[in-house]
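Scroll down for the structure; my scribbles are underneath it.
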Amino acid sequence: MDAIGNTPVVRLGRLFPGYDVVAKLEYMNPGGSIKDRMVRHMLKSLPAGTDRVVESSSGNTGAALAMASAVLGLRCDVTVPQTTSIEKIKRIRAYGAEVHLCAPDDGVDTAAGYQAVAERLAQGDNVHHLDQYRSALNREAHYRDTGPELWRQLAGEIDVFVCGIGSGGTISGIGRYLKEQKRDLVVLGVEPRNSAYRKLVTDTPADGAFASVVEGVGKRQPSSSFDPAIVDDVVQVADDDALDWCRRLAAEEGILAGGSSGCVTAGIARLLPRLAGKRVATVFPDSGVYYLSKYF
Ligand code: PMP
C-alpha cells in the first residue's frame with residue numbers, strides 16, 4: 001500500500017509540439033490506476049470490525065479495493081456494468097474479489113444498475129460500502145494526496161489543469177488544492193458527449209441521451225463527488241475522437257493509456273487555442289492494457 005503514489009509526469013511533446021502539456025501517469029500505481037489513492041484514503045476510516053467491503057465501480061476502484069482487501073484480509077464484492085472490459089473484470093477476480101455484473105448503463109437510476117446493486121449487497125453486519133459517488137473522502141483523497149504531489153512535481157509551474165470527469169473526485173480534489181496554491185489557475189473538465197457535468201458548470205443542456213463506450217468518465221446524472229464551484233469550463237468530446245487520441249498516445253507518444261486518457265487528450269486538442277503559452281497538466285487514470293480487446 002505504501003507503493004501507491006509518486007507516479008511520473010511526462011511531456012506530450014510529440015502530440016502537442018509548441019505547447020507545454022504534461023500528463024501524470026496514474027496507471028503506474030500498483031493496483032493499476034488512480035483509484036488506488038482514493039481507496040487507500042477511504043480505508044483509513046474503515047469502521048472497526050469490518051470484514052467485508054463493497055463498492056460499485058467502472059472497474060478501477062474495484063481493482064484497487066480488491067488489491068487492498070487482499071492485503072488486509074477482507075472479503076470484497078465489486079459491482080460493475082456489464083460493459084466493463086473483460087481485462088478489468090479478470091483483474092478484480094485475480095485478487096480474490098467477487099465481481100457482480102450489473103445492467104449495462106452508468107448505474108445511476110435503475111435498480112439493476114451497479115450503484116443500486118452495491119447498496120443492496122452492503123446490507124448487514126460488518127459490511128462497509130465505500131460509496132465513491134457520494135463519499136466526501138473521494139475528492140478529499142485527491143485534495144490531500146494527488147494534488148499536492150502534482151504541485152510539488154511541477155514546482156508550482158502550472159497554469160491550467162485539464163481532467164476527465166467520472167465521479168468527479170479527481171478534478172474536484174486536485175482542482176481545489178491547485179486553486180488554493182495559485183488563485184488564477186484554470187480548471188477545465190472533459191467528458192463524453194451528453195454527459196451531465198457540462199450542464200452543471202455552463203448551463204448548456206445536452207442535445208441527446210448519454211451513451212459512451214469510454215469507461216470511467218461521463219454520467220447520466222451528476223455524482224455529488226463533483227464540485228462545480230472548482231471547475232471553470234467543461235468540454236465534451238465524441239467517443240471516436242477519444243479513441244483516436246487514445247491510439248495516438250500509444251503509437252506517437254509511447255503511452256499506452258485507457259480510453260479516458262484518450263478522452264482528456266481529445267479535450268486538450270480541442271482547447272489548444274486557449275492553451276498557448278501556458279503550462280497545462282492532466283492525469284492519465286489507467287492503462288490501455290485493460291482495453292486491448294476493446295479499443296486497440
Ligand atoms: N478514468 C478512469 C479510467 C476511471 O476509472 C475513472 C474513475 N471512474 C476516471 C477516469 C474518473 O475519475 P473520477 O471518478 O475521480 O472523476
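Every chain in the C-alpha cells has a letter given in the order shown (A, B, ...), and although residue numbers restart at 1 in each chain, ligands are simply numbered from 1 in the order shown.
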Checklist entry - Got a sec to tell me which of segment 34-180 of chain A DSSP assigns to alpha helix (DSSP H), as a PyMOL selection string? => result chain A and resi 35-43+60-72+86-94+114-121+136-141+147-153+169-180
Item to check | Within-6 Å residues of ligand 1, basis only C-alpha atoms and all ligand atoms, as a PyMOL selection string | outcome: chain A and resi 58+60+164-170+215-217+260+285-286
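All residues of segment 138-216 of chain A that DSSP, run on the backbone, classes as strand (DSSP E or B) are A:Val160, A:Phe161, A:Val162, A:Cys163, A:Gly164, A:Val186, A:Val187, A:Leu188, A:Gly189, A:Val190, A:Glu191, A:Pro192.
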Next on the checklist: Here is a test: counting only C-alpha atoms, which residue of A:Lys24, A:Lys44, A:Arg279, A:Arg270 is nearest to Thr146 of chain A?
Outcome noted: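 Of all the options, A:Lys24 lies closest to Thr146 of chain A.
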Per-residue nearest contacts of segment 241-280 of chain A to segment 148-158 of chain A (12 Å; only C-alpha atoms) as a Markdown table:
| residue | atom | partner | partner_atom | distance |
| --- | --- | --- | --- | --- |
| A:Leu275 | CA | A:Ile158 | CA | 11.4 |
| A:Gly277 | CA | A:Ile158 | CA | 11.1 |
| A:Lys278 | CA | A:Ile158 | CA | 7.6 |
| A:Arg279 | CA | A:Ile158 | CA | 4.9 |
| A:Val280 | CA | A:Ile158 | CA | 6.1 |
Next on the checklist: Just to confirm, what's the straight-line distance from atom CA of Ile86 of chain A to atom CA of Glu55 of chain A in Å (one decimal)?
Outcome noted: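 Computing the Euclidean distance for atom CA of Ile86 of chain A and atom CA of Glu55 of chain A yields 18.1 Å.
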Item to check | Distance query Gly113 of chain A at most 12 Å, only C-alpha atoms, self and fewer than 2 positions along chain excluded, as an NGL selection string | outcome: :A and (56-58 or 79-83 or 100-111 or 115-120)
Once you have the residues from the selection above, write them out as an mmCIF file, in the first residue's frame, restricted to N, CA, C and O atoms.
data_model
loop_
_atom_site.group_PDB
_atom_site.id
_atom_site.type_symbol
_atom_site.label_atom_id
_atom_site.label_comp_id
_atom_site.auth_asym_id
_atom_site.auth_seq_id
_atom_site.Cartn_x
_atom_site.Cartn_y
_atom_site.Cartn_z
ATOM 1 N N SER A 56 -19.285 -0.074 -5.888
ATOM 2 C CA SER A 56 -19.649 -0.037 -7.303
ATOM 3 C C SER A 56 -18.544 0.710 -8.039
ATOM 4 O O SER A 56 -17.970 1.657 -7.505
ATOM 5 N N SER A 57 -18.285 0.281 -9.268
ATOM 6 C CA SER A 57 -17.063 0.759 -9.907
ATOM 7 C C SER A 57 -17.157 0.573 -11.407
ATOM 8 O O SER A 57 -17.821 -0.344 -11.893
ATOM 9 N N SER A 58 -16.486 1.462 -12.151
ATOM 10 C CA SER A 58 -16.338 1.184 -13.578
ATOM 11 C C SER A 58 -15.149 0.228 -13.768
ATOM 12 O O SER A 58 -14.732 -0.032 -14.888
ATOM 13 N N THR A 79 -19.362 -4.331 -7.792
ATOM 14 C CA THR A 79 -20.377 -4.328 -8.849
ATOM 15 C C THR A 79 -19.864 -3.471 -10.002
ATOM 16 O O THR A 79 -19.310 -2.393 -9.788
ATOM 17 N N VAL A 80 -20.024 -3.982 -11.204
ATOM 18 C CA VAL A 80 -19.579 -3.247 -12.401
ATOM 19 C C VAL A 80 -20.668 -3.354 -13.477
ATOM 20 O O VAL A 80 -21.444 -4.319 -13.483
ATOM 21 N N PRO A 81 -20.736 -2.384 -14.405
ATOM 22 C CA PRO A 81 -21.650 -2.555 -15.541
ATOM 23 C C PRO A 81 -21.163 -3.693 -16.441
ATOM 24 O O PRO A 81 -19.953 -3.923 -16.549
ATOM 25 N N GLN A 82 -22.113 -4.379 -17.059
ATOM 26 C CA GLN A 82 -21.759 -5.497 -17.955
ATOM 27 C C GLN A 82 -20.797 -5.097 -19.060
ATOM 28 O O GLN A 82 -20.116 -5.936 -19.635
ATOM 29 N N THR A 83 -20.781 -3.823 -19.394
ATOM 30 C CA THR A 83 -19.964 -3.331 -20.495
ATOM 31 C C THR A 83 -18.491 -3.146 -20.107
ATOM 32 O O THR A 83 -17.675 -2.798 -20.951
ATOM 33 N N HIS A 100 -19.755 -8.648 -9.525
ATOM 34 C CA HIS A 100 -21.174 -8.765 -9.853
ATOM 35 C C HIS A 100 -21.444 -7.918 -11.089
ATOM 36 O O HIS A 100 -21.274 -6.694 -11.061
ATOM 37 N N LEU A 101 -21.830 -8.590 -12.181
ATOM 38 C CA LEU A 101 -22.097 -7.863 -13.429
ATOM 39 C C LEU A 101 -23.512 -7.303 -13.390
ATOM 40 O O LEU A 101 -24.467 -8.041 -13.154
ATOM 41 N N CYS A 102 -23.641 -6.001 -13.629
ATOM 42 C CA CYS A 102 -24.938 -5.326 -13.496
ATOM 43 C C CYS A 102 -25.389 -4.760 -14.842
ATOM 44 O O CYS A 102 -24.733 -4.952 -15.856
ATOM 45 N N ALA A 103 -26.507 -4.037 -14.820
ATOM 46 C CA ALA A 103 -27.084 -3.501 -16.054
ATOM 47 C C ALA A 103 -26.042 -2.691 -16.837
ATOM 48 O O ALA A 103 -25.162 -2.071 -16.243
ATOM 49 N N PRO A 104 -26.165 -2.700 -18.173
ATOM 50 C CA PRO A 104 -25.148 -2.040 -18.993
ATOM 51 C C PRO A 104 -25.372 -0.533 -19.103
ATOM 52 O O PRO A 104 -25.379 0.025 -20.180
ATOM 53 N N ASP A 105 -25.563 0.135 -17.968
ATOM 54 C CA ASP A 105 -25.717 1.583 -18.033
ATOM 55 C C ASP A 105 -24.738 2.205 -17.040
ATOM 56 O O ASP A 105 -23.864 1.524 -16.526
ATOM 57 N N ASP A 106 -24.917 3.498 -16.781
ATOM 58 C CA ASP A 106 -23.952 4.097 -15.862
ATOM 59 C C ASP A 106 -24.392 3.980 -14.405
ATOM 60 O O ASP A 106 -23.823 4.599 -13.522
ATOM 61 N N GLY A 107 -25.414 3.146 -14.177
ATOM 62 C CA GLY A 107 -25.665 2.677 -12.827
ATOM 63 C C GLY A 107 -26.386 3.628 -11.911
ATOM 64 O O GLY A 107 -26.478 3.385 -10.714
ATOM 65 N N VAL A 108 -26.913 4.724 -12.424
ATOM 66 C CA VAL A 108 -27.416 5.744 -11.530
ATOM 67 C C VAL A 108 -28.855 5.489 -11.089
ATOM 68 O O VAL A 108 -29.165 5.501 -9.916
ATOM 69 N N ASP A 109 -29.720 5.229 -12.042
ATOM 70 C CA ASP A 109 -31.120 5.323 -11.661
ATOM 71 C C ASP A 109 -31.966 4.084 -11.954
ATOM 72 O O ASP A 109 -33.168 4.166 -12.068
ATOM 73 N N THR A 110 -31.352 2.939 -12.070
ATOM 74 C CA THR A 110 -32.172 1.734 -12.165
ATOM 75 C C THR A 110 -31.769 0.771 -11.045
ATOM 76 O O THR A 110 -30.622 0.756 -10.613
ATOM 77 N N ALA A 111 -32.741 -0.026 -10.611
ATOM 78 C CA ALA A 111 -32.485 -0.970 -9.513
ATOM 79 C C ALA A 111 -31.448 -2.009 -9.914
ATOM 80 O O ALA A 111 -30.793 -2.610 -9.074
ATOM 81 N N GLN A 115 -24.732 0.871 -8.968
ATOM 82 C CA GLN A 115 -24.758 1.556 -7.673
ATOM 83 C C GLN A 115 -25.844 0.979 -6.764
ATOM 84 O O GLN A 115 -25.631 0.768 -5.570
ATOM 85 N N ALA A 116 -27.027 0.702 -7.354
ATOM 86 C CA ALA A 116 -28.131 0.144 -6.556
ATOM 87 C C ALA A 116 -27.793 -1.267 -6.070
ATOM 88 O O ALA A 116 -28.079 -1.635 -4.925
ATOM 89 N N VAL A 117 -27.166 -2.066 -6.929
ATOM 90 C CA VAL A 117 -26.812 -3.432 -6.524
ATOM 91 C C VAL A 117 -25.792 -3.393 -5.385
ATOM 92 O O VAL A 117 -25.883 -4.158 -4.416
ATOM 93 N N ALA A 118 -24.849 -2.474 -5.453
ATOM 94 C CA ALA A 118 -23.858 -2.355 -4.366
ATOM 95 C C ALA A 118 -24.552 -2.001 -3.053
ATOM 96 O O ALA A 118 -24.224 -2.554 -1.994
ATOM 97 N N GLU A 119 -25.518 -1.100 -3.129
ATOM 98 C CA GLU A 119 -26.245 -0.736 -1.904
ATOM 99 C C GLU A 119 -26.934 -1.953 -1.294
ATOM 100 O O GLU A 119 -26.913 -2.144 -0.078
ATOM 101 N N ARG A 120 -27.535 -2.783 -2.150
ATOM 102 C CA ARG A 120 -28.204 -3.982 -1.614
ATOM 103 C C ARG A 120 -27.198 -4.972 -1.021
ATOM 104 O O ARG A 120 -27.429 -5.542 0.036
#
Next on the checklist: Give me, as a list in words, all polymer residues having an atom no more than 8 Å from Gly267 of chain A, counting only C-alpha atoms and skipping those fewer than 4 positions away in the same chain.
Outcome noted: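 Listed by chain and then number, they are Val190, Val235, Gln236, Val237, Cys263 and Leu271 of chain A.
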Using all heavy atoms, can you export the residues from the last selection as a short mmCIF file (atom, residue, chain, number, x, y, z; two decimals), in the first residue's frame?
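In the end it all went to result_15.cif:
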data_model
loop_
_atom_site.label_atom_id
_atom_site.label_comp_id
_atom_site.auth_asym_id
_atom_site.auth_seq_id
_atom_site.Cartn_x
_atom_site.Cartn_y
_atom_site.Cartn_z
N VAL A 190 -13.26 17.50 -18.91
CA VAL A 190 -13.55 16.87 -20.20
C VAL A 190 -14.41 15.63 -19.92
O VAL A 190 -14.14 14.88 -18.98
CB VAL A 190 -12.25 16.45 -20.93
CG1 VAL A 190 -12.59 15.87 -22.31
CG2 VAL A 190 -11.29 17.63 -21.07
N VAL A 235 -15.71 20.67 -21.48
CA VAL A 235 -15.92 20.39 -22.90
C VAL A 235 -16.28 18.92 -23.06
O VAL A 235 -15.89 18.08 -22.26
CB VAL A 235 -14.68 20.72 -23.78
CG1 VAL A 235 -14.38 22.20 -23.76
CG2 VAL A 235 -13.48 19.91 -23.38
N GLN A 236 -17.05 18.65 -24.12
CA GLN A 236 -17.47 17.28 -24.40
C GLN A 236 -16.83 16.80 -25.69
O GLN A 236 -16.71 17.58 -26.64
CB GLN A 236 -19.00 17.23 -24.50
CG GLN A 236 -19.67 17.64 -23.18
CD GLN A 236 -21.14 17.29 -23.11
OE1 GLN A 236 -21.80 17.16 -24.13
NE2 GLN A 236 -21.64 17.13 -21.90
N VAL A 237 -16.43 15.54 -25.71
CA VAL A 237 -15.81 15.01 -26.93
C VAL A 237 -16.52 13.73 -27.37
O VAL A 237 -17.03 12.97 -26.54
CB VAL A 237 -14.28 14.75 -26.76
CG1 VAL A 237 -13.55 16.00 -26.36
CG2 VAL A 237 -14.00 13.67 -25.76
N CYS A 263 -9.81 10.46 -24.00
CA CYS A 263 -10.88 11.47 -23.93
C CYS A 263 -10.31 12.81 -23.47
O CYS A 263 -10.57 13.86 -24.09
CB CYS A 263 -11.96 10.96 -22.96
SG CYS A 263 -13.40 12.01 -22.82
N LEU A 271 -9.06 22.27 -27.00
CA LEU A 271 -8.86 23.50 -26.23
C LEU A 271 -7.58 24.23 -26.60
O LEU A 271 -7.33 25.33 -26.10
CB LEU A 271 -8.83 23.17 -24.73
CG LEU A 271 -10.15 22.71 -24.11
CD1 LEU A 271 -9.91 21.99 -22.79
CD2 LEU A 271 -11.07 23.90 -23.90
#
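In terms of minimum interatomic distance to Pro273 of chain A, A:Tyr19 ranks closest within A:Lys88, A:Leu292, A:Tyr19, A:Gly96, counting only C-alpha atoms.
Among the candidate residues A:Val10, A:Ala242, A:Leu74, A:Ala63, the one lying nearest to Gly49 of chain A is A:Leu74, with distances computed using only C-alpha atoms.
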Would you list the contacts of Trp245 of chain A as a PDB file with C-alpha atoms, in the first residue's frame, taking every protein, DNA or RNA residue within 7 Å and counting only C-alpha atoms, but skipping same-chain residues closer than 5 positions in sequence?
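Here's the written file around.pdb:
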ATOM      1  CA  GLY A 262      -7.764   9.491 -24.828  1.00  0.00           C
ATOM      2  CA  THR A 265      -6.297  14.284 -24.635  1.00  0.00           C
ATOM      3  CA  ALA A 266      -9.006  14.890 -27.258  1.00  0.00           C
TER       4      ALA A 266
END
Give me the segment 140-241 of chain A side of the contact with segment 32-39 of chain A, cut-off 8 Å, one line per residue showing its nearest atom pair and distance in Å at one decimal, counting only C-alpha atoms, sorted by chain and residue number, as CSV.
residue,atom,partner,partner_atom,distance
A:Ala141,CA,A:Met38,CA,5.2
A:His142,CA,A:Met38,CA,7.2
A:Asp145,CA,A:Arg37,CA,7.5
A:Thr146,CA,A:Arg37,CA,7.7
Checklist entry - For Asn29 of chain A, which residue out of A:Tyr295, A:Asp125, A:Arg134, A:Ala3 is the nearest one, using only C-alpha atoms? => result A:Ala3
Checklist entry - What is the distance, in Å and to one decimal place, between atom CA of Leu178 of chain A and atom CA of Thr7 of chain A? => result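 About the pair atom CA of Leu178 of chain A and atom CA of Thr7 of chain A: they are 17.5 Å apart.
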Checklist entry - From the set A:Thr50, A:Asn6, A:Ser45, A:Ser225, which residue has the shortest atom-to-atom contact distance to Met28 of chain A, counting only C-alpha atoms? => result A:Asn6
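Each of A:Tyr114, A:Asp20, A:Asp207, A:Glu191 was compared to Val264 of chain A using only C-alpha atoms, and A:Glu191 turns out to be the nearest.
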Next on the checklist: List the spatial neighbours of Lys294 of chain A as a list in words - criterion: any atom at most 10 Å away, only C-alpha atoms, same-chain residues fewer than 5 positions off excluded.
Outcome noted: Thr84, Ser85, Ile86, Glu87, Val213, Val214, Gly259, Gly288 and Val289 of chain A
